[in-house]
>>> print(open('run29.cif').read())   # mmCIF, C-alpha atoms
data_coords
#
loop_
_atom_site.group_PDB
_atom_site.id
_atom_site.type_symbol
_atom_site.label_atom_id
_atom_site.label_comp_id
_atom_site.auth_asym_id
_atom_site.auth_seq_id
_atom_site.Cartn_x
_atom_site.Cartn_y
_atom_site.Cartn_z
ATOM 1 C CA MET A 1 27.063 -67.130 -72.089
ATOM 2 C CA THR A 2 30.307 -68.450 -73.495
ATOM 3 C CA LYS A 3 32.824 -66.340 -75.300
ATOM 4 C CA SER A 4 34.299 -67.831 -78.473
ATOM 5 C CA ILE A 5 38.068 -67.898 -78.804
ATOM 6 C CA ASP A 6 39.483 -66.373 -81.965
ATOM 7 C CA ILE A 7 42.636 -68.434 -82.549
ATOM 8 C CA HIS A 8 43.668 -66.477 -85.640
ATOM 9 C CA SER A 9 43.881 -63.177 -83.755
ATOM 10 C CA ILE A 10 45.871 -64.876 -80.975
ATOM 11 C CA LEU A 11 48.314 -66.380 -83.474
ATOM 12 C CA ASP A 12 48.656 -63.044 -85.274
ATOM 13 C CA SER A 13 49.523 -61.247 -82.042
ATOM 14 C CA VAL A 14 51.925 -63.996 -80.948
ATOM 15 C CA SER A 15 53.677 -64.002 -84.326
ATOM 16 C CA LYS A 16 54.624 -60.338 -83.818
ATOM 17 C CA ILE A 17 56.763 -61.276 -80.809
ATOM 18 C CA LYS A 18 60.443 -61.270 -81.788
ATOM 19 C CA LEU A 19 62.782 -63.266 -79.568
ATOM 20 C CA SER A 20 66.492 -62.768 -79.914
ATOM 21 C CA GLY A 21 68.575 -65.494 -81.476
ATOM 22 C CA GLY A 22 70.834 -66.114 -78.500
ATOM 23 C CA VAL A 23 70.444 -68.646 -75.737
ATOM 24 C CA VAL A 24 67.641 -66.678 -74.126
ATOM 25 C CA GLY A 25 65.571 -66.551 -77.302
ATOM 26 C CA LYS A 26 65.998 -70.228 -78.069
ATOM 27 C CA VAL A 27 65.200 -71.372 -74.538
ATOM 28 C CA CYS A 28 62.197 -69.044 -74.308
ATOM 29 C CA THR A 29 60.828 -70.471 -77.559
ATOM 30 C CA VAL A 30 61.138 -73.976 -76.129
ATOM 31 C CA LEU A 31 59.505 -72.864 -72.870
ATOM 32 C CA ILE A 32 56.581 -71.340 -74.751
ATOM 33 C CA CYS A 33 56.045 -74.617 -76.632
ATOM 34 C CA VAL A 34 56.296 -76.674 -73.441
ATOM 35 C CA ALA A 35 53.938 -74.304 -71.627
ATOM 36 C CA LEU A 36 51.384 -74.593 -74.425
ATOM 37 C CA ALA A 37 51.692 -78.396 -74.409
ATOM 38 C CA PHE A 38 51.202 -78.620 -70.639
ATOM 39 C CA ALA A 39 48.305 -76.142 -70.787
ATOM 40 C CA ILE A 40 46.606 -78.212 -73.503
ATOM 41 C CA ILE A 41 47.125 -81.359 -71.424
ATOM 42 C CA ALA A 42 45.714 -79.683 -68.317
ATOM 43 C CA TRP A 43 42.734 -78.303 -70.232
ATOM 44 C CA SER A 44 41.864 -81.461 -72.158
ATOM 45 C CA VAL A 45 42.094 -83.981 -69.330
ATOM 46 C CA THR A 46 38.911 -84.524 -67.345
ATOM 47 C CA VAL A 47 40.646 -85.877 -64.248
ATOM 48 C CA ALA A 48 41.332 -82.965 -61.914
ATOM 49 C CA TRP A 49 44.485 -84.344 -60.300
ATOM 50 C CA VAL A 50 46.153 -84.908 -63.685
ATOM 51 C CA SER A 51 45.411 -81.276 -64.595
ATOM 52 C CA ALA A 52 46.794 -80.122 -61.251
ATOM 53 C CA ILE A 53 49.972 -82.172 -61.681
ATOM 54 C CA ALA A 54 50.461 -80.861 -65.247
ATOM 55 C CA LEU A 55 50.020 -77.257 -64.113
ATOM 56 C CA GLY A 56 52.318 -77.809 -61.124
ATOM 57 C CA MET A 57 55.016 -79.344 -63.326
ATOM 58 C CA LEU A 58 54.600 -76.464 -65.766
ATOM 59 C CA PHE A 59 55.093 -73.916 -62.998
ATOM 60 C CA VAL A 60 58.145 -75.660 -61.531
ATOM 61 C CA LEU A 61 59.754 -76.199 -64.940
ATOM 62 C CA CYS A 62 59.171 -72.676 -66.242
ATOM 63 C CA PHE A 63 60.124 -70.972 -62.994
ATOM 64 C CA SER A 64 63.382 -72.881 -62.586
ATOM 65 C CA ILE A 65 64.465 -72.499 -66.210
ATOM 66 C CA LEU A 66 63.550 -68.798 -66.330
ATOM 67 C CA TRP A 67 65.510 -68.276 -63.105
ATOM 68 C CA ARG A 68 68.550 -69.922 -64.687
ATOM 69 C CA ILE A 69 68.155 -67.843 -67.867
ATOM 70 C CA VAL A 70 68.024 -64.598 -65.910
ATOM 71 C CA SER A 71 71.119 -65.504 -63.890
ATOM 72 C CA PHE A 72 72.979 -66.561 -67.067
ATOM 73 C CA ALA A 73 71.980 -63.358 -68.863
ATOM 74 C CA ASP A 74 73.125 -61.336 -65.863
ATOM 75 C CA ARG A 75 76.584 -62.950 -65.968
ATOM 76 C CA ASN A 76 76.950 -63.192 -69.782
ATOM 77 C CA PRO A 77 74.741 -60.577 -71.476
ATOM 78 C CA GLN A 78 76.361 -60.805 -74.917
ATOM 79 C CA ALA A 79 76.205 -64.587 -75.095
ATOM 80 C CA ALA A 80 72.611 -64.533 -73.867
ATOM 81 C CA ILE A 81 71.236 -62.360 -76.667
ATOM 82 C CA LEU A 82 73.617 -62.929 -79.600
ATOM 83 C CA ASP A 83 73.941 -65.921 -81.913
ATOM 84 C CA GLY A 84 77.314 -67.594 -82.406
ATOM 85 C CA ALA A 85 78.323 -65.615 -85.504
ATOM 86 C CA GLU A 86 77.135 -62.313 -84.033
ATOM 87 C CA PHE A 87 79.007 -63.039 -80.801
ATOM 88 C CA THR A 88 82.206 -63.805 -82.748
ATOM 89 C CA ILE A 89 81.931 -60.538 -84.684
ATOM 90 C CA LEU A 90 81.382 -58.644 -81.444
ATOM 91 C CA GLU A 91 84.501 -60.182 -79.911
ATOM 92 C CA GLN A 92 86.522 -59.295 -83.021
ATOM 93 C CA LEU A 93 85.269 -55.719 -82.854
ATOM 94 C CA ARG A 94 86.133 -55.568 -79.173
ATOM 95 C CA LEU A 95 89.671 -56.763 -79.808
ATOM 96 C CA GLY A 96 90.200 -54.367 -82.729
ATOM 97 C CA THR A 97 89.846 -51.081 -80.817
ATOM 98 C CA LYS A 98 91.866 -47.875 -81.262
ATOM 99 C CA ALA A 99 94.339 -49.020 -78.629
ATOM 100 C CA HIS A 100 94.912 -52.222 -80.603
ATOM 101 C CA PRO A 101 94.156 -51.487 -84.273
ATOM 102 C CA GLN A 102 95.424 -54.881 -85.418
ATOM 103 C CA LEU A 103 93.580 -57.973 -84.357
ATOM 104 C CA PRO A 104 95.931 -60.395 -82.626
ATOM 105 C CA SER A 105 96.856 -63.208 -84.923
ATOM 106 C CA GLU A 106 97.850 -66.574 -83.666
ATOM 107 C CA ASP A 107 101.325 -67.598 -84.768
ATOM 108 C CA CYS A 108 100.987 -71.236 -85.562
ATOM 109 C CA ASP A 109 102.681 -73.514 -88.022
ATOM 110 C CA VAL A 110 100.587 -74.315 -91.039
ATOM 111 C CA ILE A 111 100.675 -78.016 -91.766
ATOM 112 C CA GLU A 112 99.683 -79.078 -95.230
ATOM 113 C CA ALA A 113 98.932 -82.636 -96.134
ATOM 114 C CA THR A 114 101.177 -83.885 -98.894
ATOM 115 C CA PRO A 115 101.147 -87.283 -100.538
ATOM 116 C CA VAL A 116 103.723 -89.748 -99.247
ATOM 117 C CA THR A 117 106.075 -91.142 -101.866
ATOM 118 C CA LEU A 118 107.355 -94.612 -101.052
ATOM 119 C CA SER A 119 110.156 -96.501 -102.705
ATOM 120 C CA LEU A 120 109.552 -99.951 -104.202
ATOM 121 C CA GLU A 121 111.318 -101.587 -101.235
ATOM 122 C CA GLU A 122 109.020 -99.828 -98.764
ATOM 123 C CA ILE A 123 105.938 -100.831 -100.753
ATOM 124 C CA ASP A 124 107.093 -104.475 -100.758
ATOM 125 C CA THR A 125 107.751 -104.319 -97.009
ATOM 126 C CA ILE A 126 104.279 -102.962 -96.367
ATOM 127 C CA GLN A 127 102.689 -105.717 -98.435
ATOM 128 C CA GLN A 128 104.428 -108.519 -96.448
ATOM 129 C CA PRO A 129 102.574 -109.950 -93.440
ATOM 130 C CA ASP A 130 104.125 -109.634 -90.000
ATOM 131 C CA LEU A 131 106.176 -112.693 -89.096
ATOM 132 C CA ASP A 132 106.084 -112.321 -85.337
ATOM 133 C CA THR A 133 102.358 -111.806 -84.761
ATOM 134 C CA PRO A 134 101.533 -112.661 -81.131
ATOM 135 C CA GLN A 135 98.769 -115.255 -80.734
ATOM 136 C CA LEU A 136 96.474 -115.492 -77.759
ATOM 137 C CA PRO A 137 96.154 -118.952 -76.199
ATOM 138 C CA GLU A 138 92.833 -120.665 -76.793
ATOM 139 C CA SER A 139 90.716 -122.045 -73.966
ATOM 140 C CA GLU A 140 88.861 -125.358 -73.868
ATOM 141 C CA ASP A 141 85.632 -123.873 -75.247
ATOM 142 C CA GLY A 142 87.401 -122.423 -78.321
ATOM 143 C CA ARG A 143 87.510 -118.792 -77.222
ATOM 144 C CA GLU A 144 90.740 -116.904 -76.817
ATOM 145 C CA GLU A 145 91.898 -116.251 -73.272
ATOM 146 C CA VAL A 146 93.101 -112.828 -72.274
ATOM 147 C CA LYS A 147 95.583 -112.729 -69.412
ATOM 148 C CA ASN A 148 95.656 -109.570 -67.337
ATOM 149 C CA GLY A 149 98.939 -108.468 -65.975
#
>>> encode(input="run29.cif", output="structure tokens")
Amino acid sequence: MTKSIDIHSILDSVSKIKLSGGVVGKVCTVLICVALAFAIIAWSVTVAWVSAIALGMLFVLCFSILWRIVSFADRNPQAAILDGAEFTILEQLRLGTKAHPQLPSEDCDVIEATPVTLSLEEIDTIQQPDLDTPQLPESEDGREEVKNG
């Protein structure tokens, strides 16, 4: 007696899973896709050793990447679960505490691009070709030789 698989109920239950937007959520989404791909390969192939290799690669890949994710999340919990914009806002909130009500501003010179105004003499000078352009010596086969040193 075989049991039929209801794919719609599986997809409905999987779609309720909410992964965070940080590094952990993005990598877990990729791992889920890779795991499904390897599982489909292992299930659809009739050769047993190909299925075993696919499942072994799936285990090694998922285990090593999940180990790295857990160690990264342990060292950097905010970066692991927050997106870039959320992480930036968190850092700004952290810096703007009661002890430091003003966020530190960087004192840097503002450089604005302005058009360059040249005199007629400078425009004429720019339009003239260089008189002392160095030329590379040509070899016997017509290509230019480059001397090192």
>>> residues_around(input="run29.cif", residues="Trp43 of chain A", least_positions_apart="6", cutoff="10 Å", atoms="only C-alpha atoms", output="PyMOL selection string")
chain A and resi 37+50-51+54-55
>>> resolve_selection(input="run29.cif", expression="the PyMOL selection byres ((chain A and resi 63-70) around 9)", output="mmCIF file with C-alpha atoms, in the coordinates of the input")
data_model
loop_
_atom_site.group_PDB
_atom_site.id
_atom_site.type_symbol
_atom_site.label_atom_id
_atom_site.label_comp_id
_atom_site.auth_asym_id
_atom_site.auth_seq_id
_atom_site.Cartn_x
_atom_site.Cartn_y
_atom_site.Cartn_z
ATOM 1 C CA VAL A 23 70.444 -68.646 -75.737
ATOM 2 C CA VAL A 24 67.641 -66.678 -74.126
ATOM 3 C CA VAL A 27 65.200 -71.372 -74.538
ATOM 4 C CA CYS A 28 62.197 -69.044 -74.308
ATOM 5 C CA LEU A 31 59.505 -72.864 -72.870
ATOM 6 C CA LEU A 58 54.600 -76.464 -65.766
ATOM 7 C CA PHE A 59 55.093 -73.916 -62.998
ATOM 8 C CA VAL A 60 58.145 -75.660 -61.531
ATOM 9 C CA LEU A 61 59.754 -76.199 -64.940
ATOM 10 C CA CYS A 62 59.171 -72.676 -66.242
ATOM 11 C CA SER A 71 71.119 -65.504 -63.890
ATOM 12 C CA PHE A 72 72.979 -66.561 -67.067
ATOM 13 C CA ALA A 73 71.980 -63.358 -68.863
ATOM 14 C CA ASP A 74 73.125 -61.336 -65.863
ATOM 15 C CA ARG A 75 76.584 -62.950 -65.968
ATOM 16 C CA ALA A 80 72.611 -64.533 -73.867
#
>>> atom_distance(input="run29.cif", atom1="atom CA of Gly25 of chain A", atom2="atom CA of Thr88 of chain A")
17.7 Å
>>> atom_distance(input="run29.cif", atom1="atom CA of Gly22 of chain A", atom2="atom CA of Ala79 of chain A")
6.5 Å
>>> atom_distance(input="run29.cif", atom1="atom CA of Ile41 of chain A", atom2="atom CA of Gly56 of chain A")
12.1 Å
>>> closest_residue(input="run29.cif", among="A:Phe38, A:Asp109, A:Pro137, A:Gln78", to="Glu91 of chain A", atoms="only C-alpha atoms")
A:Gln78
>>> decode(input="run29.cif", residues="segment 30-54 of chain A", atoms="C-alpha atoms", output="compact mmCIF listing (two decimals), in the first residue's frame")
# COMPACT_ATOMS: atom_id res chain seq x y z
CA VAL A 30 20.23 28.55 -0.40
CA LEU A 31 20.90 25.42 1.68
CA ILE A 32 17.24 24.43 1.52
CA CYS A 33 17.28 24.75 -2.28
CA VAL A 34 20.53 22.79 -2.57
CA ALA A 35 19.22 20.11 -0.21
CA LEU A 36 16.05 19.75 -2.27
CA ALA A 37 18.08 19.54 -5.49
CA PHE A 38 20.40 16.85 -4.09
CA ALA A 39 17.43 14.94 -2.64
CA ILE A 40 15.67 15.00 -6.02
CA ILE A 41 18.87 13.79 -7.70
CA ALA A 42 19.29 11.00 -5.15
CA TRP A 43 15.65 9.96 -5.46
CA SER A 44 15.41 10.06 -9.25
CA VAL A 45 18.63 8.25 -10.11
CA THR A 46 18.37 4.48 -10.38
CA VAL A 47 22.07 3.83 -9.78
CA ALA A 48 22.59 3.30 -6.06
CA TRP A 49 26.13 4.66 -5.85
CA VAL A 50 25.13 7.95 -7.50
CA SER A 51 22.34 8.33 -4.92
CA ALA A 52 24.78 7.54 -2.12
CA ILE A 53 27.32 10.07 -3.40
CA ALA A 54 24.61 12.76 -3.77
